[in-house]
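The file run.cif contains mmCIF, C-alpha atoms:
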```cif
data_model
loop_
_atom_site.group_PDB
_atom_site.id
_atom_site.type_symbol
_atom_site.label_atom_id
_atom_site.label_comp_id
_atom_site.auth_asym_id
_atom_site.auth_seq_id
_atom_site.Cartn_x
_atom_site.Cartn_y
_atom_site.Cartn_z
ATOM 1 C CA MET K 184 28.410 -24.887 59.779
ATOM 2 C CA PHE K 185 25.536 -26.462 57.835
ATOM 3 C CA SER K 186 26.923 -25.151 54.517
ATOM 4 C CA ILE K 187 26.068 -28.353 52.679
ATOM 5 C CA PHE K 188 22.394 -27.401 52.947
ATOM 6 C CA LYS K 189 22.783 -23.808 51.763
ATOM 7 C CA LYS K 190 21.904 -24.332 48.130
ATOM 8 C CA LYS K 191 20.751 -21.785 45.598
ATOM 9 C CA THR K 192 17.201 -20.648 46.366
ATOM 10 C CA SER K 193 14.891 -23.314 44.946
ATOM 11 C CA GLY K 194 11.571 -21.511 44.801
ATOM 12 C CA VAL K 195 9.823 -24.572 46.296
ATOM 13 C CA THR K 196 6.979 -23.156 48.383
ATOM 14 C CA ASP K 197 5.206 -26.302 49.568
ATOM 15 C CA ILE K 198 6.028 -29.277 51.767
ATOM 16 C CA ASN K 199 5.157 -32.082 49.351
ATOM 17 C CA TRP K 200 8.772 -33.194 49.673
ATOM 18 C CA LEU K 201 8.061 -34.347 53.241
ATOM 19 C CA GLY K 202 4.489 -35.449 52.580
ATOM 20 C CA VAL K 203 3.635 -37.056 55.914
ATOM 21 C CA ASP K 204 3.621 -35.333 59.290
ATOM 22 C CA ILE K 205 4.344 -37.946 61.959
ATOM 23 C CA HIS K 206 4.223 -35.725 65.055
ATOM 24 C CA SER K 207 1.461 -33.266 65.873
ATOM 25 C CA HIS K 208 -1.008 -32.328 68.573
ATOM 26 C CA LEU K 209 -4.099 -31.789 66.453
ATOM 27 C CA LEU K 210 -6.654 -33.865 68.344
ATOM 28 C CA PRO K 211 -9.028 -31.650 70.306
ATOM 29 C CA GLY K 212 -9.110 -31.165 74.046
ATOM 30 C CA ILE K 213 -6.888 -34.003 75.245
ATOM 31 C CA ASP K 214 -3.476 -32.373 75.680
ATOM 32 C CA ASP K 215 -1.811 -28.991 75.148
ATOM 33 C CA GLY K 216 -2.647 -28.918 71.447
ATOM 34 C CA CYS K 217 -5.896 -28.006 69.693
ATOM 35 C CA LYS K 218 -8.670 -26.873 71.997
ATOM 36 C CA ASP K 219 -11.699 -28.039 70.000
ATOM 37 C CA VAL K 220 -12.756 -29.729 66.766
ATOM 38 C CA ALA K 221 -13.117 -26.425 64.924
ATOM 39 C CA GLU K 222 -9.496 -25.547 65.626
ATOM 40 C CA SER K 223 -8.359 -29.053 64.688
ATOM 41 C CA VAL K 224 -10.084 -28.899 61.323
ATOM 42 C CA SER K 225 -8.843 -25.374 60.631
ATOM 43 C CA PHE K 226 -5.242 -26.416 61.290
ATOM 44 C CA ILE K 227 -5.609 -29.563 59.203
ATOM 45 C CA LYS K 228 -6.905 -27.579 56.228
ATOM 46 C CA ARG K 229 -3.956 -25.218 56.460
ATOM 47 C CA LEU K 230 -1.485 -28.097 56.703
ATOM 48 C CA GLN K 231 -3.083 -29.633 53.639
ATOM 49 C CA ASP K 232 -2.709 -26.303 51.834
ATOM 50 C CA LEU K 233 1.013 -26.430 52.628
ATOM 51 C CA GLY K 234 1.244 -29.787 50.878
ATOM 52 C CA PHE K 235 0.902 -32.450 53.544
ATOM 53 C CA GLU K 236 -0.863 -35.558 52.257
ATOM 54 C CA LYS K 237 -1.107 -37.467 55.535
ATOM 55 C CA LEU K 238 -1.159 -36.435 59.192
ATOM 56 C CA ILE K 239 -0.479 -38.716 62.148
ATOM 57 C CA CYS K 240 -1.600 -37.062 65.368
ATOM 58 C CA THR K 241 0.465 -37.921 68.431
ATOM 59 C CA PRO K 242 -1.106 -36.581 71.639
ATOM 60 C CA HIS K 243 0.962 -36.703 74.788
ATOM 61 C CA ILE K 244 0.690 -39.646 77.108
ATOM 62 C CA PHE K 245 2.224 -38.301 80.299
ATOM 63 C CA THR K 246 0.764 -39.698 83.516
ATOM 64 C CA GLU K 247 1.096 -36.534 85.593
ATOM 65 C CA LEU K 248 -0.409 -34.124 83.037
ATOM 66 C CA TYR K 249 -2.075 -35.987 80.165
ATOM 67 C CA PRO K 250 -3.093 -39.520 81.181
ATOM 68 C CA ASN K 251 -4.341 -40.363 77.717
ATOM 69 C CA SER K 252 -5.055 -43.803 76.303
ATOM 70 C CA SER K 253 -6.912 -45.292 73.363
ATOM 71 C CA GLU K 254 -10.100 -44.457 75.279
ATOM 72 C CA THR K 255 -9.429 -40.712 74.928
ATOM 73 C CA ILE K 256 -7.417 -40.654 71.700
ATOM 74 C CA LEU K 257 -9.628 -42.715 69.388
ATOM 75 C CA PRO K 258 -12.891 -40.846 70.142
ATOM 76 C CA ALA K 259 -11.091 -37.529 69.577
ATOM 77 C CA LEU K 260 -9.768 -38.828 66.262
ATOM 78 C CA LYS K 261 -13.274 -39.921 65.230
ATOM 79 C CA LYS K 262 -14.705 -36.474 65.991
ATOM 80 C CA VAL K 263 -12.115 -34.852 63.752
ATOM 81 C CA LYS K 264 -12.575 -37.406 60.965
ATOM 82 C CA ASP K 265 -16.346 -36.976 61.056
ATOM 83 C CA GLU K 266 -16.034 -33.201 60.777
ATOM 84 C CA LEU K 267 -13.538 -33.496 57.909
ATOM 85 C CA VAL K 268 -16.024 -35.681 56.026
ATOM 86 C CA LYS K 269 -18.804 -33.176 56.744
ATOM 87 C CA GLN K 270 -16.653 -30.374 55.315
ATOM 88 C CA ASN K 271 -15.462 -32.455 52.335
ATOM 89 C CA VAL K 272 -11.808 -32.254 53.386
ATOM 90 C CA ASP K 273 -10.015 -35.170 51.740
ATOM 91 C CA ILE K 274 -6.838 -35.922 53.679
ATOM 92 C CA GLU K 275 -5.610 -39.042 55.426
ATOM 93 C CA ILE K 276 -5.428 -38.652 59.191
ATOM 94 C CA GLY K 277 -4.488 -41.139 61.874
ATOM 95 C CA ALA K 278 -3.373 -41.245 65.482
ATOM 96 C CA ALA K 279 -0.645 -42.675 67.659
ATOM 97 C CA ALA K 280 0.863 -41.135 70.801
ATOM 98 C CA GLU K 281 3.947 -39.405 72.152
ATOM 99 C CA TYR K 282 5.047 -41.187 75.322
ATOM 100 C CA MET K 283 6.902 -39.451 78.121
ATOM 101 C CA ILE K 284 9.608 -41.789 79.382
ATOM 102 C CA ASP K 285 9.815 -41.395 83.134
ATOM 103 C CA GLU K 286 9.295 -43.500 86.253
ATOM 104 C CA GLN K 287 5.556 -43.754 85.534
ATOM 105 C CA PHE K 288 5.993 -45.172 82.037
ATOM 106 C CA THR K 289 5.173 -48.865 81.743
ATOM 107 C CA ILE K 290 5.261 -51.220 78.800
ATOM 108 C CA HIS K 291 1.818 -52.725 78.273
ATOM 109 C CA PRO K 292 -0.069 -54.361 75.374
ATOM 110 C CA ASP K 293 -2.064 -51.233 74.521
ATOM 111 C CA LEU K 294 0.761 -48.876 73.574
ATOM 112 C CA ILE K 295 -0.399 -46.754 70.626
ATOM 113 C CA ALA K 296 2.245 -46.870 67.931
ATOM 114 C CA LEU K 297 2.644 -45.403 64.472
ATOM 115 C CA PRO K 298 2.476 -47.799 61.502
ATOM 116 C CA GLY K 299 5.096 -50.516 61.560
ATOM 117 C CA LYS K 300 5.176 -50.552 65.384
ATOM 118 C CA HIS K 301 7.127 -47.303 65.468
ATOM 119 C CA LEU K 302 6.755 -45.836 68.955
ATOM 120 C CA LEU K 303 7.281 -42.101 69.487
ATOM 121 C CA ILE K 304 8.922 -41.268 72.821
ATOM 122 C CA GLU K 305 10.233 -38.183 74.571
ATOM 123 C CA MET K 306 12.038 -37.255 77.778
ATOM 124 C CA SER K 307 12.118 -34.218 80.031
ATOM 125 C CA TYR K 308 14.063 -31.369 78.422
ATOM 126 C CA LEU K 309 16.062 -30.867 81.612
ATOM 127 C CA ASN K 310 17.457 -34.281 82.540
ATOM 128 C CA GLU K 311 18.122 -37.508 80.715
ATOM 129 C CA TYR K 312 16.002 -40.333 82.058
ATOM 130 C CA PRO K 313 18.679 -42.529 83.697
ATOM 131 C CA LYS K 314 17.165 -45.783 82.417
ATOM 132 C CA ILE K 315 16.504 -44.586 78.862
ATOM 133 C CA GLU K 316 18.746 -47.194 77.238
ATOM 134 C CA GLN K 317 17.086 -50.004 79.169
ATOM 135 C CA VAL K 318 13.608 -48.731 78.216
ATOM 136 C CA ILE K 319 14.608 -48.557 74.556
ATOM 137 C CA PHE K 320 15.972 -52.102 74.712
ATOM 138 C CA ASP K 321 12.881 -53.445 76.489
ATOM 139 C CA LEU K 322 10.599 -51.855 73.883
ATOM 140 C CA GLN K 323 12.694 -53.230 71.045
ATOM 141 C CA ILE K 324 12.425 -56.715 72.545
ATOM 142 C CA LYS K 325 8.639 -56.251 72.297
ATOM 143 C CA GLY K 326 9.000 -55.512 68.575
ATOM 144 C CA TYR K 327 8.871 -51.704 68.597
ATOM 145 C CA SER K 328 11.055 -49.397 66.558
ATOM 146 C CA ILE K 329 11.810 -46.367 68.705
ATOM 147 C CA ILE K 330 11.503 -42.808 67.424
ATOM 148 C CA LEU K 331 13.017 -40.206 69.734
ATOM 149 C CA ALA K 332 11.067 -36.982 69.358
ATOM 150 C CA HIS K 333 13.009 -33.737 68.872
ATOM 151 C CA PRO K 334 16.463 -34.841 70.116
ATOM 152 C CA GLU K 335 17.757 -31.337 69.372
ATOM 153 C CA ARG K 336 15.671 -29.935 72.228
ATOM 154 C CA TYR K 337 17.238 -31.947 75.065
ATOM 155 C CA ASN K 338 19.405 -29.358 76.770
ATOM 156 C CA PHE K 339 21.498 -31.950 78.590
ATOM 157 C CA TYR K 340 22.934 -33.200 75.272
ATOM 158 C CA HIS K 341 23.983 -29.785 73.951
ATOM 159 C CA GLN K 342 27.413 -30.032 75.554
ATOM 160 C CA ASN K 343 27.834 -33.725 74.821
ATOM 161 C CA TYR K 344 27.029 -34.537 71.210
ATOM 162 C CA LYS K 345 28.544 -38.018 71.627
ATOM 163 C CA SER K 346 25.378 -38.989 73.484
ATOM 164 C CA TYR K 347 23.460 -38.741 70.221
ATOM 165 C CA GLN K 348 25.645 -41.371 68.590
ATOM 166 C CA ARG K 349 25.176 -43.553 71.663
ATOM 167 C CA LEU K 350 21.391 -43.446 71.184
ATOM 168 C CA LYS K 351 21.746 -44.090 67.450
ATOM 169 C CA ASP K 352 23.930 -47.096 68.252
ATOM 170 C CA HIS K 353 21.035 -48.358 70.361
ATOM 171 C CA GLY K 354 18.789 -48.238 67.303
ATOM 172 C CA CYS K 355 16.929 -44.968 67.907
ATOM 173 C CA ILE K 356 15.268 -43.209 64.989
ATOM 174 C CA PHE K 357 15.638 -39.435 65.357
ATOM 175 C CA GLN K 358 12.790 -37.020 64.550
ATOM 176 C CA LEU K 359 13.532 -33.362 63.815
ATOM 177 C CA ASN K 360 11.074 -30.645 64.789
ATOM 178 C CA LEU K 361 10.835 -28.588 61.603
ATOM 179 C CA LEU K 362 10.800 -25.248 63.416
ATOM 180 C CA ALA K 363 14.068 -26.032 65.198
ATOM 181 C CA ILE K 364 16.157 -25.193 62.147
ATOM 182 C CA SER K 365 14.650 -21.691 62.028
ATOM 183 C CA GLY K 366 15.803 -20.826 65.542
ATOM 184 C CA TYR K 367 12.253 -20.933 66.903
ATOM 185 C CA TYR K 368 13.350 -22.838 70.017
ATOM 186 C CA GLY K 369 16.555 -20.838 70.503
ATOM 187 C CA LYS K 370 20.128 -20.716 69.252
ATOM 188 C CA ASP K 371 21.366 -23.803 71.092
ATOM 189 C CA VAL K 372 18.566 -25.956 69.691
ATOM 190 C CA LYS K 373 19.177 -24.600 66.186
ATOM 191 C CA ARG K 374 22.914 -25.273 66.434
ATOM 192 C CA THR K 375 22.270 -28.819 67.661
ATOM 193 C CA ALA K 376 19.773 -29.461 64.857
ATOM 194 C CA GLU K 377 22.376 -28.292 62.361
ATOM 195 C CA TYR K 378 24.925 -30.688 63.850
ATOM 196 C CA LEU K 379 22.518 -33.625 63.656
ATOM 197 C CA LEU K 380 21.644 -32.770 60.055
ATOM 198 C CA GLU K 381 25.272 -32.432 58.999
ATOM 199 C CA HIS K 382 26.088 -35.794 60.538
ATOM 200 C CA LYS K 383 22.991 -37.365 58.952
ATOM 201 C CA LEU K 384 21.624 -38.524 62.290
ATOM 202 C CA TYR K 385 17.994 -37.587 61.598
ATOM 203 C CA ASP K 386 15.669 -40.089 59.977
ATOM 204 C CA VAL K 387 12.273 -38.353 59.982
ATOM 205 C CA ALA K 388 10.786 -34.926 60.638
ATOM 206 C CA GLY K 389 7.553 -33.570 62.076
ATOM 207 C CA THR K 390 5.805 -30.325 62.839
ATOM 208 C CA ASP K 391 5.156 -31.040 66.543
ATOM 209 C CA LEU K 392 2.317 -28.606 65.920
ATOM 210 C CA HIS K 393 0.511 -27.369 69.023
ATOM 211 C CA SER K 394 -0.787 -23.890 68.345
ATOM 212 C CA GLU K 395 -1.638 -21.043 66.004
ATOM 213 C CA ARG K 396 1.784 -19.590 66.690
ATOM 214 C CA HIS K 397 3.528 -22.786 65.580
ATOM 215 C CA LEU K 398 1.424 -22.985 62.442
ATOM 216 C CA GLY K 399 1.951 -19.339 61.548
ATOM 217 C CA VAL K 400 5.734 -19.686 61.720
ATOM 218 C CA LEU K 401 5.612 -22.912 59.728
ATOM 219 C CA GLU K 402 3.474 -21.293 57.016
ATOM 220 C CA LYS K 403 5.941 -18.429 56.644
ATOM 221 C CA LEU K 404 8.890 -20.821 56.384
ATOM 222 C CA VAL K 405 7.186 -23.003 53.784
ATOM 223 C CA ASN K 406 5.575 -20.255 51.714
ATOM 224 C CA SER K 407 8.822 -18.280 51.513
ATOM 225 C CA GLY K 408 10.712 -21.319 50.241
ATOM 226 C CA LYS K 409 13.110 -21.091 53.175
ATOM 227 C CA LEU K 410 12.158 -24.440 54.707
ATOM 228 C CA PHE K 411 12.860 -26.319 51.495
ATOM 229 C CA ASP K 412 16.133 -24.473 51.016
ATOM 230 C CA LEU K 413 17.189 -25.557 54.508
ATOM 231 C CA LEU K 414 15.797 -29.100 54.601
ATOM 232 C CA GLY K 415 14.380 -30.145 51.247
ATOM 233 C CA TYR K 416 17.595 -31.813 50.119
ATOM 234 C CA TYR K 417 17.849 -33.994 53.219
ATOM 235 C CA LYS K 418 16.680 -37.588 52.760
ATOM 236 C CA PHE K 419 13.958 -37.815 55.373
ATOM 237 C CA LYS K 420 12.137 -41.165 55.437
ATOM 238 C CA ASN K 421 8.623 -39.976 56.285
ATOM 239 C CA MET K 422 7.127 -41.128 52.983
ATOM 240 C CA GLU K 423 9.150 -44.326 52.918
ATOM 241 C CA LEU K 424 8.099 -45.414 56.405
ATOM 242 C CA PHE K 425 4.608 -43.989 56.814
ATOM 243 C CA ASN K 426 2.903 -43.326 53.488
#
```

So that I can check it, write out the structure of this file as structure tokens.
Amino acid sequence: MFSIFKKKTSGVTDINWLGVDIHSHLLPGIDDGCKDVAESVSFIKRLQDLGFEKLICTPHIFTELYPNSSETILPALKKVKDELVKQNVDIEIGAAAEYMIDEQFTIHPDLIALPGKHLLIEMSYLNEYPKIEQVIFDLQIKGYSIILAHPERYNFYHQNYKSYQRLKDHGCIFQLNLLAISGYYGKDVKRTAEYLLEHKLYDVAGTDLHSERHLGVLEKLVNSGKLFDLLGYYKFKNMELFN
């Protein structure tokens, strides 16, 4: 499985080929990502060193745990931008959100989307939200393009790959978590990511960076050339859609 991506070692030890990270938790103190501005800036510098040119931070909006809104997200973004300027770090950084689709989710005029009205959504890892197709449709009617975060991590699809095609048929854009292909999230997630790659069901990729541990694993994968050897030949649309 996945043999079409096992090319001769390339020696590419950066991530310029992806360019834009569309999913991360780098804003300080508002979800389970970076704890403070110092950590945010440190992580951003290291991501820039890996070759990212643009970072779009996507803090959770999850009513029960992280009831974020533009009132919490935009001030956190400004703090990070101000500190980057102070430290002469020249990288483009923006913010959207990652919305948990559950019974508390509502469609309202202040949804925080990525450029081009791309809205990043997720579900519980344990159970498919029973109205997910209706939510996707309702958002599309409002003009949003729907990006489903890390589809490889939804355990309930691992025994029913046909569900992925069903979501694609409903117009979903699929976003790969980069660490999934390394086995970081487990064998089942890795195997599912390989399936989605082989069937060309992914459109974009992101770090979904939360922590030092995530970043350390990512750095090893990039600096060794392994990440490019696994994914660098896949036609992700990050630059096309978000640069």

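Among the candidates K:Tyr337, K:Phe357, K:Phe320, K:Tyr367, the one nearest to Leu303 in chain K when counting only C-alpha atoms is K:Phe357.
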
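Note that the spacing between CA of Asp204 in chain K and CA of Lys370 in chain K amounts to 24.2 Å.
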
Excluding range 327-329 of chain K and residues on its chain fewer than 2 positions from it, collect all residues at most 9 Å away from it, counting all atoms listed in the file, and give them as a PyMOL selection string. chain K and resi 296+299-304+319+322-325+331+354-357

Could you pull the residues within 9 Å of range 415-424 of chain K, counting all atoms listed in the file, minus those fewer than 5 positions along the same chain, as a PyMOL selection string? chain K and resi 188+190+195+198+200-205+298-299+380+383+385-389+410

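If you measure from each of K:Lys351, K:Tyr340, K:Ala221, K:His393 to Arg374 in chain K using only C-alpha atoms, the closest one turns out to be K:Tyr340.
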
Can you pull out the residues contacting range 242-258 of chain K? Cut-off 12 Å, using all atoms listed in the file, and skip same-chain residues under 6 positions away; I want them as a PyMOL selection string. chain K and resi 205-217+220+264-265+276-289+291-297+302-307+332+391-393

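Between CA of Asp219 in chain K and CA of Asp273 in chain K the interatomic distance comes to 19.7 Å.
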
I'd like the residues picked by the PyMOL selection byres ((chain K and resi 197) around 8) written out as an MDAnalysis selection string, using the chain letters and numbers from the file. chainID K and resid 195:196 198:200 233:234 405:406 408 411

Residue selection dump (C-alpha atoms) as a short mmCIF file (atom, residue, chain, number, x, y, z; two decimals), in the coordinates of the input:
```
data_model
loop_
_atom_site.label_atom_id
_atom_site.label_comp_id
_atom_site.auth_asym_id
_atom_site.auth_seq_id
_atom_site.Cartn_x
_atom_site.Cartn_y
_atom_site.Cartn_z
CA VAL K 195 9.82 -24.57 46.30
CA THR K 196 6.98 -23.16 48.38
CA ILE K 198 6.03 -29.28 51.77
CA ASN K 199 5.16 -32.08 49.35
CA TRP K 200 8.77 -33.19 49.67
CA LEU K 233 1.01 -26.43 52.63
CA GLY K 234 1.24 -29.79 50.88
CA VAL K 405 7.19 -23.00 53.78
CA ASN K 406 5.58 -20.26 51.71
CA GLY K 408 10.71 -21.32 50.24
CA PHE K 411 12.86 -26.32 51.50
#
```

Could you jot down the CA of His397 in chain K to CA of Leu361 in chain K separation for me, Å, one decimal place? 10.1 Å
